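Source file: entry28.cif. Holds: mmCIF, C-alpha atoms.
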data_start
loop_
_atom_site.label_atom_id
_atom_site.label_comp_id
_atom_site.auth_asym_id
_atom_site.auth_seq_id
_atom_site.Cartn_x
_atom_site.Cartn_y
_atom_site.Cartn_z
CA GLY P 1 -55.11 17.23 -30.04
CA ALA P 2 -53.14 15.01 -32.35
CA VAL P 3 -55.17 13.70 -35.26
CA VAL P 4 -52.53 11.11 -36.16
CA SER P 5 -51.29 8.98 -33.31
CA GLN P 6 -47.95 7.27 -33.88
CA HIS P 7 -46.55 4.67 -31.47
CA PRO P 8 -44.13 4.02 -30.03
CA SER P 9 -42.40 7.38 -29.83
CA ARG P 10 -39.11 5.72 -29.06
CA VAL P 11 -37.87 2.16 -29.26
CA ILE P 12 -34.54 0.54 -28.54
CA CYS P 13 -34.02 -3.00 -29.77
CA LYS P 14 -31.32 -5.55 -30.29
CA SER P 15 -29.92 -6.27 -33.72
CA GLY P 16 -31.88 -8.98 -35.51
CA THR P 17 -35.22 -8.29 -33.86
CA SER P 18 -38.31 -6.86 -35.52
CA VAL P 19 -40.04 -3.65 -34.56
CA LYS P 20 -43.60 -2.59 -35.37
CA ILE P 21 -44.60 1.05 -35.63
CA GLU P 22 -48.27 2.03 -35.70
CA CYS P 23 -49.99 5.07 -37.07
CA ARG P 24 -53.65 5.72 -36.38
CA SER P 25 -55.77 8.49 -37.80
CA LEU P 26 -58.11 9.65 -35.05
CA ASP P 27 -60.57 12.04 -36.64
CA PHE P 28 -60.54 11.04 -40.28
CA GLN P 29 -60.11 8.08 -42.56
CA ALA P 30 -56.60 7.87 -43.95
CA THR P 31 -57.08 6.59 -47.46
CA THR P 32 -53.38 7.06 -48.18
CA MET P 33 -50.49 6.66 -45.77
CA PHE P 34 -46.94 7.74 -46.51
CA TRP P 35 -43.97 6.45 -44.53
CA TYR P 36 -40.79 8.51 -44.26
CA ARG P 37 -37.36 8.00 -42.78
CA GLN P 38 -35.29 10.87 -41.47
CA PHE P 39 -31.63 10.56 -40.51
CA PRO P 40 -30.14 13.13 -38.12
CA LYS P 41 -29.98 16.62 -39.58
CA GLN P 42 -31.34 15.40 -42.90
CA SER P 43 -34.58 15.77 -44.76
CA LEU P 44 -37.48 13.36 -44.90
CA MET P 45 -37.06 10.59 -47.43
CA LEU P 46 -40.17 8.81 -48.66
CA MET P 47 -39.98 5.06 -48.14
CA ALA P 48 -43.35 3.89 -49.36
CA THR P 49 -46.93 4.86 -50.11
CA SER P 50 -49.88 2.72 -49.17
CA ASN P 51 -53.55 2.91 -49.95
CA GLU P 52 -56.04 1.17 -47.73
CA GLY P 53 -56.55 -2.39 -48.82
CA SER P 54 -53.76 -2.36 -51.41
CA LYS P 55 -50.13 -3.34 -51.44
CA ALA P 56 -47.69 -0.58 -50.65
CA THR P 57 -45.62 1.07 -53.36
CA TYR P 58 -41.99 1.32 -52.34
CA GLU P 59 -39.49 3.93 -53.42
CA GLN P 60 -36.38 2.89 -55.25
CA GLY P 61 -33.78 1.47 -52.92
CA VAL P 62 -36.22 0.58 -50.14
CA GLU P 63 -36.41 -3.14 -49.45
CA LYS P 64 -40.03 -4.19 -49.31
CA ASP P 65 -39.20 -7.45 -47.53
CA LYS P 66 -37.38 -5.56 -44.80
CA PHE P 67 -39.89 -2.76 -44.30
CA LEU P 68 -43.30 -4.38 -44.21
CA ILE P 69 -46.23 -2.04 -44.51
CA ASN P 70 -49.79 -2.96 -43.71
CA HIS P 71 -52.72 -0.65 -44.29
CA ALA P 72 -55.61 -2.95 -43.61
CA SER P 73 -58.05 -0.32 -42.38
CA LEU P 74 -58.79 3.33 -43.03
CA THR P 75 -57.57 4.30 -39.58
CA LEU P 76 -54.50 2.13 -39.06
CA SER P 77 -51.25 1.56 -40.89
CA THR P 78 -48.21 -0.27 -39.58
CA LEU P 79 -44.57 -0.34 -40.55
CA THR P 80 -42.56 -3.34 -39.41
CA VAL P 81 -38.79 -3.18 -39.58
CA THR P 82 -37.75 -6.81 -39.82
CA SER P 83 -34.38 -8.11 -38.65
CA ALA P 84 -33.33 -4.62 -37.67
CA HIS P 85 -29.66 -3.66 -37.84
CA PRO P 86 -27.82 -0.61 -36.49
CA GLU P 87 -27.97 1.09 -39.91
CA ASP P 88 -31.79 1.03 -39.62
CA SER P 89 -31.56 3.38 -36.65
CA SER P 90 -33.47 6.46 -37.71
CA PHE P 91 -36.55 8.59 -37.13
CA TYR P 92 -39.58 7.09 -38.86
CA ILE P 93 -42.60 9.29 -39.56
CA CYS P 94 -46.00 8.54 -41.05
CA ARG P 95 -48.16 10.99 -42.95
CA ALA P 96 -51.85 10.25 -43.26
CA THR P 97 -53.99 11.85 -45.94
CA GLU P 98 -57.57 11.89 -47.06
CA GLY P 99 -58.33 14.30 -49.86
CA ASN P 100 -57.31 17.74 -48.59
CA ILE P 101 -56.59 16.48 -45.09
CA GLN P 102 -52.99 15.68 -44.22
CA TYR P 103 -51.24 15.18 -40.91
CA PHE P 104 -47.90 13.79 -39.86
CA GLY P 105 -47.44 11.52 -36.92
CA ALA P 106 -45.09 12.61 -34.15
CA GLY P 107 -42.44 10.14 -35.29
CA THR P 108 -40.71 7.08 -33.87
CA ARG P 109 -37.06 7.17 -32.89
CA LEU P 110 -35.64 3.69 -33.54
CA SER P 111 -32.28 2.78 -32.06
CA VAL P 112 -30.85 -0.63 -32.94
CA LEU P 113 -28.03 -1.84 -30.72
CA GLY E 1 -38.54 12.98 -60.66
CA GLU E 2 -38.91 16.12 -58.65
CA ASN E 3 -35.89 17.72 -56.96
CA VAL E 4 -36.25 20.44 -54.35
CA GLU E 5 -33.35 22.61 -53.24
CA GLN E 6 -33.65 24.70 -50.07
CA HIS E 7 -31.47 27.57 -48.82
CA PRO E 8 -30.04 28.56 -46.46
CA SER E 9 -29.30 25.47 -44.39
CA THR E 10 -29.03 27.59 -41.25
CA LEU E 11 -30.44 31.01 -40.48
CA SER E 12 -29.86 33.07 -37.38
CA VAL E 13 -31.86 36.23 -36.70
CA GLN E 14 -32.60 38.59 -33.84
CA GLU E 15 -36.03 38.59 -32.30
CA GLY E 16 -38.28 40.94 -34.23
CA ASP E 17 -36.36 40.62 -37.49
CA SER E 18 -37.72 38.93 -40.58
CA ALA E 19 -36.58 35.55 -41.87
CA VAL E 20 -36.71 34.34 -45.46
CA ILE E 21 -36.16 30.79 -46.65
CA LYS E 22 -36.05 29.94 -50.35
CA CYS E 23 -36.71 26.80 -52.34
CA THR E 24 -36.44 25.89 -55.98
CA TYR E 25 -38.05 22.92 -57.69
CA SER E 26 -37.32 21.13 -60.92
CA ASP E 27 -40.60 19.67 -62.14
CA SER E 28 -42.74 22.31 -63.79
CA ALA E 29 -45.77 20.04 -63.32
CA SER E 30 -45.64 20.42 -59.53
CA ASN E 31 -48.56 22.48 -58.30
CA TYR E 32 -48.62 22.18 -54.52
CA PHE E 33 -46.02 23.76 -52.23
CA PRO E 34 -46.32 23.35 -48.46
CA TRP E 35 -44.03 24.51 -45.69
CA TYR E 36 -43.52 22.54 -42.49
CA LYS E 37 -42.07 23.36 -39.10
CA GLN E 38 -40.37 20.57 -37.22
CA GLU E 39 -39.37 20.83 -33.60
CA LEU E 40 -36.79 18.53 -32.08
CA GLY E 41 -38.02 14.94 -31.80
CA LYS E 42 -41.40 15.70 -33.33
CA GLY E 43 -43.08 15.21 -36.67
CA PRO E 44 -43.43 18.10 -39.13
CA GLN E 45 -46.39 20.43 -38.80
CA LEU E 46 -47.90 22.21 -41.76
CA ILE E 47 -47.63 25.99 -41.28
CA ILE E 48 -48.69 27.27 -44.68
CA ASP E 49 -49.15 26.01 -48.20
CA ILE E 50 -49.78 27.41 -51.65
CA ARG E 51 -51.06 26.06 -54.90
CA SER E 52 -49.78 27.09 -58.28
CA ASN E 53 -52.85 29.10 -59.18
CA VAL E 54 -51.85 31.87 -56.75
CA GLY E 55 -48.66 33.86 -56.33
CA GLU E 56 -48.82 34.72 -52.65
CA LYS E 57 -50.55 33.64 -49.49
CA LYS E 58 -50.38 35.14 -46.03
CA ASP E 59 -51.36 33.95 -42.58
CA GLN E 60 -50.58 36.45 -39.82
CA ARG E 61 -46.77 36.61 -39.55
CA ILE E 62 -46.17 33.96 -42.18
CA ALA E 63 -46.33 34.37 -45.94
CA VAL E 64 -45.37 32.26 -48.92
CA THR E 65 -44.64 33.52 -52.42
CA LEU E 66 -44.49 31.45 -55.58
CA ASN E 67 -42.84 32.22 -58.91
CA LYS E 68 -43.93 29.51 -61.31
CA THR E 69 -41.85 30.82 -64.18
CA ALA E 70 -38.65 30.69 -62.17
CA LYS E 71 -39.79 27.59 -60.27
CA HIS E 72 -39.07 28.95 -56.86
CA PHE E 73 -41.05 29.70 -53.74
CA SER E 74 -40.18 31.38 -50.48
CA LEU E 75 -41.28 31.45 -46.86
CA HIS E 76 -41.34 34.80 -45.11
CA ILE E 77 -41.65 35.09 -41.34
CA THR E 78 -42.02 38.60 -39.95
CA GLU E 79 -41.56 39.80 -36.36
CA THR E 80 -39.78 36.59 -35.45
CA GLN E 81 -40.05 35.23 -31.93
CA PRO E 82 -37.83 32.74 -30.07
CA GLU E 83 -40.57 30.13 -30.36
CA ASP E 84 -40.19 30.30 -34.14
CA SER E 85 -36.84 28.54 -33.70
CA ALA E 86 -37.12 25.13 -35.39
CA VAL E 87 -36.26 23.31 -38.60
CA TYR E 88 -38.32 24.40 -41.58
CA PHE E 89 -38.89 22.24 -44.64
CA CYS E 90 -40.33 23.14 -47.99
CA ALA E 91 -41.87 20.53 -50.23
CA ALA E 92 -43.40 20.17 -53.67
CA SER E 93 -45.81 17.74 -55.22
CA LEU E 94 -48.18 17.18 -58.09
CA ALA E 95 -51.55 17.36 -56.41
CA GLY E 96 -54.44 15.86 -58.30
CA GLY E 97 -58.08 16.56 -57.59
CA THR E 98 -58.46 16.58 -53.82
CA SER E 99 -55.21 14.73 -53.14
CA TYR E 100 -51.95 16.39 -52.09
CA GLY E 101 -49.86 13.75 -53.81
CA LYS E 102 -46.37 12.51 -53.03
CA LEU E 103 -44.23 15.23 -51.46
CA THR E 104 -40.57 15.82 -52.25
CA PHE E 105 -38.86 17.70 -49.43
CA GLY E 106 -36.10 20.25 -49.37
CA GLN E 107 -33.06 19.73 -47.17
CA GLY E 108 -34.35 21.84 -44.31
CA THR E 109 -33.36 25.14 -42.70
CA ILE E 110 -32.44 25.45 -39.05
CA LEU E 111 -33.87 28.78 -37.91
CA THR E 112 -32.60 30.24 -34.65
CA VAL E 113 -34.22 33.37 -33.27
CA HIS E 114 -32.12 35.05 -30.60
CA PRO E 115 -33.93 36.97 -27.84
#
Encoding of this model in structure tokens:
Amino acid sequence: GAVVSQHPSRVICKSGTSVKIECRSLDFQATTMFWYRQFPKQSLMLMATSNEGSKATYEQGVEKDKFLINHASLTLSTLTVTSAHPEDSSFYICRATEGNIQYFGAGTRLSVL
Amino acid sequence: GENVEQHPSTLSVQEGDSAVIKCTYSDSASNYFPWYKQELGKGPQLIIDIRSNVGEKKDQRIAVTLNKTAKHFSLHITETQPEDSAVYFCAASLAGGTSYGKLTFGQGTILTVHP
């Protein structure tokens, strides 16, 4: 079964609302969580890296106030897209790692109307 | 930073044929090279990986080769089956100790295996 559970799998929201995406590691402790964004027919682009208990490190061009990442426990990390706009519509994927263990979540398809 | 180029962008083969996807990387310090398979609407799944201390690794029908001098690595799938059809991504990172590090992905290859 899936060792990284990502929810929701799909979300449709109105422009201006906030959306929270959760990633849970089920069989291991995710000391580091990576969040990616993938536009249609494109590759995965790293948005930010977070270590449990620390502030996330954001990649250049990613607004930290818009994409809030919380990694308060070793089994849960959340990405909140605040004041979502249509250009934020994308496929968001988490990747949880602990040492030599790494698993991706199944992804969240966000559609902002 | 690291830059990974992947070719071809699309690959169409007949069932039973072999498929080869190639990637080049720019940072000579990178030492970890995984390959992922992504099916429509799903997250990537690791299918094989290689570290820079070996030149080749094989797992049943899948193999990966690495040329550190030329900074390129390739995925080889033999005896392809329709269920191999998916998008394949290569990636590279500087792995330290027991950590895989921050991955830089290639652009992806859409593999279609025709019955």
field: Distance filter 7 Å, only C-alpha atoms, chain P against chain E, as a list in words
entry: Gln42, Ser43, Leu44, Ile93, Gly99, Asn100, Phe104, Gly105, Ala106 and Gly107 of chain P
statement: CA of Ile47 (chain E) to CA of Ser9 (chain E) measures 18.6 Å
field: Resolved residues for the PyMOL selection byres ((chain P and resi 12) around 12) as JSON, numbers by chain
entry: {"P": [8, 9, 10, 11, 13, 14, 15, 17, 18, 19, 20, 84, 85, 86, 88, 89, 90, 91, 108, 109, 110, 111, 112, 113]}
query: Written as number ranges by chain, what is the full residue list that the PyMOL selection byres ((chain P and resi 24-31) around 8) yields on the file shown?
result: P: 2-6, 22-23, 32-33, 51-52, 74-77, 96-98
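Pairwise distance (CA of Ser85 (chain E), CA of Val4 (chain E)) equals 22.2 Å.
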field: Spatial neighbours of Leu111 (chain E), 10 Å, only C-alpha atoms, chain gap at least 6 places, as a list in words
entry: Pro8, Ser9, Thr10, Leu11, Ser12, Val13, Ala19, Val20, Ile21, Lys37, Pro82, Asp84, Ser85, Ala86, Val87 and Tyr88 of chain E
Take the residues from that selection and write them out as an mmCIF file, in the frame of the given file, keeping C-alpha atoms.
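See result-v7.cif below for the written result:
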data_model
loop_
_atom_site.group_PDB
_atom_site.id
_atom_site.type_symbol
_atom_site.label_atom_id
_atom_site.label_comp_id
_atom_site.auth_asym_id
_atom_site.auth_seq_id
_atom_site.Cartn_x
_atom_site.Cartn_y
_atom_site.Cartn_z
ATOM 1 C CA PRO E 8 -30.040 28.560 -46.460
ATOM 2 C CA SER E 9 -29.300 25.470 -44.390
ATOM 3 C CA THR E 10 -29.030 27.590 -41.250
ATOM 4 C CA LEU E 11 -30.440 31.010 -40.480
ATOM 5 C CA SER E 12 -29.860 33.070 -37.380
ATOM 6 C CA VAL E 13 -31.860 36.230 -36.700
ATOM 7 C CA ALA E 19 -36.580 35.550 -41.870
ATOM 8 C CA VAL E 20 -36.710 34.340 -45.460
ATOM 9 C CA ILE E 21 -36.160 30.790 -46.650
ATOM 10 C CA LYS E 37 -42.070 23.360 -39.100
ATOM 11 C CA PRO E 82 -37.830 32.740 -30.070
ATOM 12 C CA ASP E 84 -40.190 30.300 -34.140
ATOM 13 C CA SER E 85 -36.840 28.540 -33.700
ATOM 14 C CA ALA E 86 -37.120 25.130 -35.390
ATOM 15 C CA VAL E 87 -36.260 23.310 -38.600
ATOM 16 C CA TYR E 88 -38.320 24.400 -41.580
#
Pick from P:His7, P:Ala56, P:Phe34, P:Lys66 nearest to Tyr103 (chain P), counting all atoms listed in the file: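 Ranking P:His7, P:Ala56, P:Phe34, P:Lys66 by distance to Tyr103 (chain P), first place goes to P:Phe34.
With all atoms listed in the file as the basis for measurement, E:Gly16 is the residue among E:Gly16, E:Asp27, E:Phe73, E:Lys22 that approaches Arg61 (chain E) most closely.
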Considering all atoms listed in the file, return as an mmCIF file with C-alpha atoms, in the frame of the given file whatever protein or nucleic-acid residues lie within 12 Å of Gly61 (chain P), sequence-local ones (same chain, fewer than 6 positions apart) excluded.
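Listing of around.cif after writing:
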data_model
loop_
_atom_site.group_PDB
_atom_site.id
_atom_site.type_symbol
_atom_site.label_atom_id
_atom_site.label_comp_id
_atom_site.auth_asym_id
_atom_site.auth_seq_id
_atom_site.Cartn_x
_atom_site.Cartn_y
_atom_site.Cartn_z
ATOM 1 C CA MET P 45 -37.060 10.590 -47.430
ATOM 2 C CA LEU P 46 -40.170 8.810 -48.660
ATOM 3 C CA MET P 47 -39.980 5.060 -48.140
ATOM 4 C CA ALA P 48 -43.350 3.890 -49.360
ATOM 5 C CA PHE P 67 -39.890 -2.760 -44.300
#
message: Suppose a student applies the PyMOL selection byres ((chain E and resi 72) around 10) to this structure; what residues should they get, written as number ranges by chain?
response: E: 4-6, 22-26, 33, 65-71, 73-74
query: At what distance in Å, to one decimal, does CA of Tyr36 (chain P) lie from CA of Lys57 (chain E)?
result: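 Interatomic distance here is 27.5 Å.
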Using the file's own x, y and z axes, so that the box edges lie along x, y and z, what centre and edge lengths in Å (one decimal) does a box around every listed atom of region 29-45 of chain E get when 3 Å is added on each side? Give it as AutoDock Vina command-line options.
--center_x -42.7 --center_y 19.7 --center_z -47.6 --size_x 17.8 --size_y 15.6 --size_z 37.5
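The residue that comes closest to Pro115 (chain E), out of E:Ala63, E:Gln81, E:Ala29, E:Asn53 and on the basis of all atoms listed in the file, is E:Gln81.
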task: Extract, using all atoms listed in the file, all DNA, RNA and protein residues at most 12 Å from Asp65 (chain P), discarding same-chain residues fewer than 6 positions from it, and format them as number ranges by chain.
output: P: 56, 58, 79-84
message: Need to verify the contact set: Ser54 (chain P), 10 Å, all atoms listed in the file, exclusion of same-chain residues closer than 5 positions in sequence. Can you return it as number ranges by chain?
response: P: 32, 70-72
Please produce a file of the residues just selected, as a PDB file, in the frame of the given file, where the atoms kept are C-alpha atoms.
ATOM      1  CA  THR P  32     -53.380   7.060 -48.180  1.00  0.00           C
ATOM      2  CA  ASN P  70     -49.790  -2.960 -43.710  1.00  0.00           C
ATOM      3  CA  HIS P  71     -52.720  -0.650 -44.290  1.00  0.00           C
ATOM      4  CA  ALA P  72     -55.610  -2.950 -43.610  1.00  0.00           C
TER       5      ALA P  72
END
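Proximity of P:Cys94, P:Pro40, P:Thr78, P:Thr49 to Val62 (chain P), computed with only C-alpha atoms, is greatest for P:Thr49.
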